[in-house]
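Source file: entry.cif; contents: mmCIF, C-alpha atoms.
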```
data_my_file
#
loop_
_atom_site.label_atom_id
_atom_site.label_comp_id
_atom_site.auth_asym_id
_atom_site.auth_seq_id
_atom_site.Cartn_x
_atom_site.Cartn_y
_atom_site.Cartn_z
CA MET A 444 -50.10 11.20 35.03
CA GLN A 445 -48.41 14.27 36.52
CA ASN A 446 -51.51 15.64 38.27
CA LYS A 447 -51.91 13.18 41.11
CA SER A 448 -55.27 12.84 42.83
CA VAL A 449 -56.82 10.35 45.20
CA LEU A 450 -60.28 9.60 46.54
CA ILE A 451 -60.44 8.04 50.00
CA THR A 452 -63.58 6.64 51.61
CA GLY A 453 -64.05 6.68 55.36
CA ALA A 454 -61.52 9.51 55.52
CA GLY A 455 -62.90 11.44 58.46
CA ILE A 456 -61.08 9.50 61.16
CA GLY A 457 -58.63 6.66 61.76
CA ILE A 458 -56.81 5.00 58.90
CA GLY A 459 -58.76 6.98 56.31
CA ALA A 460 -57.77 10.31 57.85
CA ALA A 461 -54.16 9.16 58.08
CA CYS A 462 -54.29 8.19 54.40
CA ALA A 463 -55.61 11.64 53.52
CA GLU A 464 -52.70 13.29 55.32
CA ALA A 465 -50.10 10.93 53.86
CA PHE A 466 -51.33 11.37 50.28
CA ALA A 467 -51.54 15.13 50.73
CA LYS A 468 -47.94 15.23 51.92
CA ALA A 469 -46.99 13.14 48.87
CA GLY A 470 -48.37 15.83 46.58
CA TYR A 471 -51.81 14.47 45.77
CA ARG A 472 -55.04 16.40 45.45
CA VAL A 473 -57.11 14.60 48.06
CA VAL A 474 -60.85 14.03 48.01
CA LEU A 475 -62.03 12.85 51.42
CA THR A 476 -65.41 11.13 51.75
CA ASP A 477 -67.31 9.85 54.76
CA VAL A 478 -70.73 9.50 56.35
CA LEU A 479 -69.19 11.28 59.35
CA VAL A 480 -69.72 14.75 57.98
CA GLN A 481 -68.39 16.77 60.92
CA GLU A 482 -65.23 14.68 61.19
CA GLY A 483 -64.74 14.72 57.43
CA HIS A 484 -64.96 18.49 57.26
CA ALA A 485 -62.62 18.86 60.25
CA THR A 486 -59.96 16.60 58.74
CA THR A 487 -60.26 18.35 55.39
CA GLU A 488 -59.99 21.80 56.93
CA ALA A 489 -56.90 20.78 58.88
CA LEU A 490 -55.25 19.72 55.62
CA ARG A 491 -56.24 22.96 53.93
CA GLN A 492 -54.88 25.00 56.81
CA ALA A 493 -51.60 23.13 56.35
CA GLY A 494 -51.52 24.25 52.72
CA TYR A 495 -52.69 21.03 51.04
CA ASP A 496 -55.22 20.62 48.22
CA ALA A 497 -58.13 18.83 49.86
CA GLU A 498 -61.91 18.72 49.57
CA PHE A 499 -64.67 16.83 51.34
CA ALA A 500 -67.74 15.10 49.93
CA GLU A 501 -70.35 13.36 52.03
CA LEU A 502 -70.68 9.75 50.89
CA ASP A 503 -72.49 6.70 52.17
CA VAL A 504 -70.91 3.88 50.19
CA ILE A 505 -74.05 1.75 50.34
CA ASP A 506 -75.67 4.23 47.93
CA SER A 507 -74.67 3.44 44.33
CA GLU A 508 -76.10 6.63 42.87
CA GLN A 509 -74.38 8.79 45.46
CA ALA A 510 -71.07 6.99 44.96
CA ALA A 511 -71.25 7.52 41.20
CA ALA A 512 -72.23 11.17 41.62
CA VAL A 513 -69.43 11.96 44.08
CA VAL A 514 -66.81 10.34 41.85
CA ARG A 515 -68.15 12.08 38.76
CA ARG A 516 -68.18 15.47 40.48
CA THR A 517 -64.68 15.24 41.98
CA GLN A 518 -62.55 13.15 39.60
CA ARG A 519 -61.84 15.82 36.94
CA ASP A 520 -59.75 13.87 34.37
CA GLY A 521 -59.71 10.76 36.56
CA PHE A 522 -58.20 9.77 39.89
CA SER A 523 -54.71 8.36 39.93
CA ALA A 524 -55.62 6.36 43.05
CA VAL A 525 -58.72 5.30 44.97
CA VAL A 526 -58.50 4.01 48.53
CA ALA A 527 -61.59 2.02 49.59
CA ASN A 528 -61.28 2.30 53.35
CA ALA A 529 -64.85 2.75 54.59
CA GLY A 530 -65.83 -0.12 56.85
CA ILE A 531 -67.76 -1.19 59.92
CA ALA A 532 -67.24 -3.87 62.56
CA LYS A 533 -70.10 -4.84 64.87
CA ARG A 534 -69.88 -7.59 67.47
CA GLN A 535 -72.66 -10.10 66.91
CA PRO A 536 -72.81 -13.81 67.86
CA PHE A 537 -73.33 -15.86 64.72
CA GLU A 538 -76.31 -17.86 65.98
CA THR A 539 -78.33 -14.70 66.63
CA MET A 540 -77.16 -12.69 63.64
CA SER A 541 -80.00 -11.42 61.46
CA ASP A 542 -79.94 -11.17 57.70
CA ALA A 543 -80.04 -7.39 58.06
CA GLU A 544 -76.94 -7.34 60.29
CA TRP A 545 -75.05 -9.61 57.91
CA ASN A 546 -76.13 -7.64 54.84
CA ARG A 547 -75.27 -4.25 56.34
CA THR A 548 -71.64 -5.28 56.91
CA ILE A 549 -71.31 -6.77 53.44
CA GLU A 550 -72.92 -3.68 51.92
CA VAL A 551 -70.42 -1.31 53.53
CA ASN A 552 -67.21 -3.33 53.59
CA LEU A 553 -67.40 -5.20 50.28
CA ASN A 554 -70.06 -3.63 48.10
CA GLY A 555 -69.01 -0.12 49.13
CA SER A 556 -65.52 -0.79 47.81
CA MET A 557 -66.96 -2.18 44.59
CA ARG A 558 -69.15 0.89 44.08
CA VAL A 559 -66.40 3.50 44.29
CA PHE A 560 -64.03 1.43 42.15
CA ARG A 561 -66.72 0.86 39.53
CA ALA A 562 -67.44 4.57 39.36
CA ALA A 563 -63.78 5.58 39.15
CA VAL A 564 -62.38 3.01 36.73
CA PRO A 565 -63.65 4.43 33.39
CA ALA A 566 -61.89 7.79 33.80
CA MET A 567 -58.86 6.04 35.26
CA VAL A 568 -58.63 3.93 32.12
CA ALA A 569 -59.01 7.03 29.94
CA ARG A 570 -56.16 8.81 31.74
CA GLY A 571 -53.83 5.87 31.18
CA GLY A 572 -53.88 3.95 34.45
CA GLY A 573 -53.98 4.19 38.19
CA SER A 574 -54.10 2.33 41.48
CA LEU A 575 -57.02 0.73 43.33
CA ILE A 576 -56.32 0.07 47.01
CA SER A 577 -58.66 -2.00 49.17
CA LEU A 578 -58.57 -2.11 52.96
CA SER A 579 -58.93 -5.69 54.15
CA SER A 580 -57.81 -7.02 57.55
CA ILE A 581 -55.81 -9.83 59.08
CA SER A 582 -59.29 -11.18 59.87
CA GLY A 583 -59.78 -11.58 56.13
CA VAL A 584 -56.40 -13.23 55.61
CA ALA A 585 -55.66 -15.70 58.37
CA TYR A 586 -56.81 -14.44 61.76
CA GLY A 587 -60.12 -15.70 63.18
CA TRP A 588 -62.30 -13.21 65.06
CA GLY A 589 -65.16 -14.65 67.07
CA GLU A 590 -68.53 -12.89 66.99
CA HIS A 591 -67.41 -11.04 63.85
CA VAL A 592 -68.19 -13.61 61.16
CA HIS A 593 -69.79 -11.01 58.90
CA TYR A 594 -66.77 -8.71 59.23
CA SER A 595 -64.24 -11.46 58.55
CA SER A 596 -66.22 -12.70 55.58
CA SER A 597 -66.45 -9.24 54.07
CA LYS A 598 -62.73 -8.61 54.51
CA ALA A 599 -61.85 -11.94 52.89
CA ALA A 600 -64.11 -11.04 49.98
CA VAL A 601 -62.35 -7.68 49.59
CA ILE A 602 -59.18 -9.61 48.79
CA GLY A 603 -60.98 -11.51 46.05
CA LEU A 604 -62.20 -8.21 44.66
CA ALA A 605 -58.68 -6.77 44.63
CA ARG A 606 -57.19 -9.80 42.91
CA ALA A 607 -59.88 -10.06 40.24
CA LEU A 608 -59.62 -6.35 39.44
CA ALA A 609 -55.85 -6.74 39.09
CA VAL A 610 -56.37 -9.34 36.36
CA GLU A 611 -59.18 -7.56 34.55
CA PHE A 612 -57.60 -4.11 34.49
CA GLY A 613 -53.90 -4.91 34.40
CA PRO A 614 -53.94 -4.55 30.59
CA LYS A 615 -55.27 -1.02 31.13
CA ASN A 616 -52.33 -0.16 33.41
CA ILE A 617 -54.52 -0.17 36.52
CA ARG A 618 -53.02 -1.92 39.51
CA SER A 619 -55.18 -3.32 42.29
CA ASN A 620 -53.90 -4.32 45.73
CA ALA A 621 -55.17 -4.82 49.26
CA ILE A 622 -53.80 -3.91 52.67
CA ALA A 623 -54.52 -6.13 55.66
CA PRO A 624 -53.90 -4.23 58.90
CA GLY A 625 -53.41 -6.00 62.20
CA PHE A 626 -53.90 -4.33 65.58
CA ILE A 627 -54.03 -0.61 64.77
CA ARG A 628 -54.96 2.10 67.28
CA THR A 629 -58.18 3.51 65.82
CA ALA A 630 -61.59 4.49 67.17
CA GLN A 631 -62.88 1.16 65.91
CA SER A 632 -60.27 -0.97 67.70
CA LEU A 633 -60.66 1.12 70.87
CA ASP A 634 -64.41 0.44 71.01
CA PRO A 635 -64.89 -2.07 73.87
CA LYS A 636 -68.40 -2.99 72.73
CA HIS A 637 -67.64 -3.99 69.16
CA SER A 638 -63.86 -4.51 69.19
CA LEU A 639 -60.95 -4.87 71.60
CA GLY A 640 -61.07 -1.69 73.64
CA GLU A 641 -58.07 -0.14 75.36
CA GLU A 642 -57.48 -3.13 77.64
CA GLY A 643 -57.78 -5.57 74.77
CA LEU A 644 -55.25 -3.64 72.73
CA ARG A 645 -52.79 -3.68 75.64
CA LYS A 646 -53.11 -7.45 75.88
CA ALA A 647 -52.77 -7.83 72.10
CA VAL A 648 -49.30 -6.31 72.24
CA ASP A 649 -47.99 -9.53 73.83
CA ALA A 650 -48.62 -11.38 70.55
CA VAL A 651 -46.98 -8.77 68.30
CA PRO A 652 -43.26 -9.37 67.59
CA LEU A 653 -42.59 -5.64 67.24
CA GLY A 654 -44.00 -5.21 70.72
CA ARG A 655 -46.56 -2.49 70.07
CA VAL A 656 -49.87 -1.68 68.45
CA GLY A 657 -49.67 -0.07 65.03
CA GLU A 658 -50.64 3.51 64.22
CA PRO A 659 -52.94 4.60 61.36
CA ALA A 660 -50.07 6.44 59.68
CA GLU A 661 -48.16 3.17 59.32
CA VAL A 662 -51.00 1.77 57.23
CA ALA A 663 -51.32 5.01 55.29
CA ASP A 664 -47.67 4.92 54.29
CA VAL A 665 -48.22 1.52 52.69
CA ALA A 666 -51.20 2.90 50.76
CA VAL A 667 -49.06 5.74 49.41
CA PHE A 668 -46.40 3.22 48.40
CA LEU A 669 -48.93 1.08 46.54
CA ALA A 670 -50.16 4.12 44.63
CA SER A 671 -46.65 5.25 43.73
CA ASP A 672 -44.29 4.39 40.90
CA ALA A 673 -42.20 2.50 43.46
CA ALA A 674 -44.95 -0.18 43.30
CA ARG A 675 -45.35 -0.02 39.52
CA TYR A 676 -44.92 -3.81 39.15
CA VAL A 677 -47.01 -4.74 42.19
CA THR A 678 -50.60 -5.81 41.59
CA GLY A 679 -53.01 -8.43 42.89
CA GLN A 680 -51.19 -8.53 46.22
CA VAL A 681 -52.19 -8.35 49.87
CA ILE A 682 -49.76 -6.39 52.05
CA VAL A 683 -50.08 -7.36 55.70
CA VAL A 684 -49.30 -4.54 58.15
CA ASP A 685 -49.38 -6.26 61.52
CA GLY A 686 -45.99 -5.90 63.24
CA GLY A 687 -45.31 -9.58 62.57
CA LEU A 688 -48.42 -10.94 64.31
CA LEU A 689 -49.30 -13.54 61.69
CA VAL A 690 -45.81 -15.02 61.51
CA ARG A 691 -45.26 -15.34 65.26
CA GLN A 692 -44.62 -18.87 66.49
CA GLY A 693 -45.07 -19.70 70.15
#
```
What would the structure in this file look like if it were written as structure tokens?
Amino acid sequence: MQNKSVLITGAGIGIGAACAEAFAKAGYRVVLTDVLVQEGHATTEALRQAGYDAEFAELDVIDSEQAAAVVRRTQRDGFSAVVANAGIAKRQPFETMSDAEWNRTIEVNLNGSMRVFRAAVPAMVARGGGSLISLSSISGVAYGWGEHVHYSSSKAAVIGLARALAVEFGPKNIRSNAIAPGFIRTAQSLDPKHSLGEEGLRKAVDAVPLGRVGEPAEVADVAVFLASDAARYVTGQVIVVDGGLLVRQG
């Protein structure tokens, strides 16, 4: 377990890119994957220029064969951690939502996580254990988000995935946990068409006890913790990273 390595999906930008940097600084060999090829290469090259061990692999998590091939090609003796971060959020009123729009979100956010975990688990078992980390959302825990029913449903399901994997693979020394971010400054949250936008984020601050929007690095630090020995007795849990939003009263 001395040679630490991690695979991160959706690692070209946002929380995924922050996770790549945080794990690299913690001494991991980092495999970044994304459908955003240019961004993925740029983030990877920046890590390499800083002296870290990083590589990029193009991956669309809706493709089972590609997911299995990328994991097989990059895992060596097995990853010590996998961070399933790839996700999409598209604004769509429920009454006009098509099956295709619903299915696309489920395919990326839920099934994409399942695919990379499924591909990585056998070698992880063989190497003696590891950590599976799922990115959920406060919208999957307790926070309603209108016109994003498919997103909220997928993020709630991710928590079920994390908990069930914790039970099934705990005897194999594999821990499985989820992170539920709140308002985090990312390209997704700054998109005014499908999310809050800059103005919406400014207004959201009023509901956050810590008085500010979170940064991707603050989510990434939790992911590194969950993969570390400091969290060796933590599994099946959902860590909310929201500045206190969900516990605010009044």
Report task. Find the residues around Ala493 of chain A up to 10 Å (all atoms listed in the file counted), leave out those fewer than 3 positions away in its own chain, and share them as a list of chain:residue names. Result ->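 Answer for this query is A:Glu464, A:Ala467, A:Lys468, A:Thr487, A:Glu488, A:Ala489, A:Leu490, A:Asp496.
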Would you give me, as CSV, each residue of segment 489-575 of chain A having an atom within 12 Å of an atom of segment 580-583 of chain A, along with its shortest atom pair and that distance in Å to one decimal, using all atoms listed in the file and sorting by chain and residue number?
```
residue,atom,partner,partner_atom,distance
A:Asn528,CA,A:Ser580,CA,10.8
A:Gly530,CA,A:Ser580,CA,10.6
A:Ile531,CA,A:Ser580,CA,11.8
A:Ala532,CA,A:Ser582,CA,11.1
A:Asn552,CA,A:Ser580,CA,10.8
A:Leu553,CA,A:Gly583,CA,11.5
```
Query - Ground truth for the PyMOL selection byres ((chain A and resi 456) around 9), written as a PyMOL selection string - result: chain A and resi 453-455+457-461+477+479+482-483+486+629-630
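Of the residues under consideration (A:Ala500, A:Ile682, A:Ala511, A:Ala569), A:Ala500 shows the shortest atom-to-atom contact distance to Gln481 of chain A when counting all atoms listed in the file.
Using all atoms listed in the file, the smallest distance between any of A:Asp503, A:Glu550, A:Glu590, A:Glu538 and Ser638 of chain A comes from A:Glu590.
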